[in-house]
Amino acid sequence: MAEQDCYACGKAPLTKNEVGLCKKLLGRQCKFLFCLDCLAEQLDVTVEYLEEKVEEFKDQGCALF
Ligand SMILES: [Zn+2]
């Protein structure tokens, strides 16, 4: 599987936000990346919550976004 596929549903390519969010929330060493839908399911949160997080991290000037 290519590095930037969703591990759960296979969606590809993942957006920069999706990749950045996975690294931020799952750890940079995490081998598995998820799309927003699947990441929300993994973490038991809503997609809206994740989108807010993306904005938060952007505001903090996080280099991953
Ligand atoms: Zn997915």
# chains A, B, ... in the order shown; residues from 1 in each chain; ligands from 1
$ closest_atom_pairs --of "chain A" --to "ligand 1" --cutoff "9 Å" --atoms "only C-alpha atoms and all ligand atoms" --output "tab-separated table"
residue	atom	partner	partner_atom_place_in_ligand_line	distance
A:Asp5	CA	ligand 1	1 (Zn)	8.0
A:Cys6	CA	ligand 1	1 (Zn)	4.7
A:Tyr7	CA	ligand 1	1 (Zn)	6.6
A:Ala8	CA	ligand 1	1 (Zn)	5.1
A:Cys9	CA	ligand 1	1 (Zn)	4.1
A:Gly10	CA	ligand 1	1 (Zn)	6.0
A:Lys11	CA	ligand 1	1 (Zn)	5.5
A:Ala12	CA	ligand 1	1 (Zn)	8.6
A:Leu14	CA	ligand 1	1 (Zn)	8.9
A:Leu33	CA	ligand 1	1 (Zn)	8.5
A:Phe34	CA	ligand 1	1 (Zn)	5.2
A:Cys35	CA	ligand 1	1 (Zn)	4.2
A:Leu36	CA	ligand 1	1 (Zn)	6.7
A:Asp37	CA	ligand 1	1 (Zn)	5.7
A:Cys38	CA	ligand 1	1 (Zn)	4.4
A:Leu39	CA	ligand 1	1 (Zn)	7.1
$ write_last_selection --atoms "C-alpha atoms" --output "PDB file, in the first residue's frame"
ATOM      1  CA  ASP A   5      -3.586   5.927   1.336  1.00  0.00           C
ATOM      2  CA  CYS A   6      -6.192   5.736   4.027  1.00  0.00           C
ATOM      3  CA  TYR A   7      -5.341   2.580   5.956  1.00  0.00           C
ATOM      4  CA  ALA A   8      -8.973   1.812   6.666  1.00  0.00           C
ATOM      5  CA  CYS A   9     -10.829   2.557   3.422  1.00  0.00           C
ATOM      6  CA  GLY A  10      -8.018   2.962   0.901  1.00  0.00           C
ATOM      7  CA  LYS A  11      -8.976   6.475  -0.119  1.00  0.00           C
ATOM      8  CA  ALA A  12      -6.113   8.130  -1.984  1.00  0.00           C
ATOM      9  CA  LEU A  14      -4.997  11.872   1.203  1.00  0.00           C
ATOM     10  CA  LEU A  33      -2.686   7.250   7.805  1.00  0.00           C
ATOM     11  CA  PHE A  34      -6.426   7.777   7.720  1.00  0.00           C
ATOM     12  CA  CYS A  35      -8.792  10.025   5.809  1.00  0.00           C
ATOM     13  CA  LEU A  36     -10.864  12.412   7.929  1.00  0.00           C
ATOM     14  CA  ASP A  37     -13.855  10.064   8.013  1.00  0.00           C
ATOM     15  CA  CYS A  38     -11.862   7.090   9.197  1.00  0.00           C
ATOM     16  CA  LEU A  39      -9.714   9.116  11.560  1.00  0.00           C
TER      17      LEU A  39
END
$ closest_residue --among "A:Asp44, A:Phe57, A:Gln4, A:Asn17" --to "A:Phe32" --atoms "only C-alpha atoms"
A:Gln4
$ select_by_dssp --residues "chain A" --states "helix (DSSP H, G or I)" --output "PyMOL selection string"
chain A and resi 16-26+36-43+47-59
$ write_last_selection --atoms "C-alpha atoms" --output "CSV table (one decimal), in the first residue's frame"
chain,number,residue,atom,x,y,z
A,16,LYS,CA,-2.2,17.5,3.2
A,17,ASN,CA,-4.6,18.2,6.1
A,18,GLU,CA,-5.5,14.6,6.5
A,19,VAL,CA,-1.8,13.5,6.5
A,20,GLY,CA,-0.9,16.3,8.9
A,21,LEU,CA,-3.7,15.6,11.2
A,22,CYS,CA,-2.8,11.9,11.4
A,23,LYS,CA,0.8,12.7,12.2
A,24,LYS,CA,-0.2,15.2,14.8
A,25,LEU,CA,-2.8,13.1,16.5
A,26,LEU,CA,-1.3,9.6,16.0
A,36,LEU,CA,-10.9,12.4,7.9
A,37,ASP,CA,-13.9,10.1,8.0
A,38,CYS,CA,-11.9,7.1,9.2
A,39,LEU,CA,-9.7,9.1,11.6
A,40,ALA,CA,-12.9,10.4,13.2
A,41,GLU,CA,-14.1,6.9,13.6
A,42,GLN,CA,-10.7,5.7,15.0
A,43,LEU,CA,-10.6,8.5,17.6
A,47,VAL,CA,-15.3,15.0,11.3
A,48,GLU,CA,-16.3,18.5,12.3
A,49,TYR,CA,-14.1,18.2,15.4
A,50,LEU,CA,-11.1,17.2,13.3
A,51,GLU,CA,-11.7,20.1,10.9
A,52,GLU,CA,-11.6,22.4,13.8
A,53,LYS,CA,-8.4,20.8,15.0
A,54,VAL,CA,-6.8,21.4,11.6
A,55,GLU,CA,-7.7,25.1,11.9
A,56,GLU,CA,-6.3,25.2,15.4
A,57,PHE,CA,-3.0,23.6,14.3
A,58,LYS,CA,-2.8,26.0,11.4
A,59,ASP,CA,-3.3,28.9,13.7
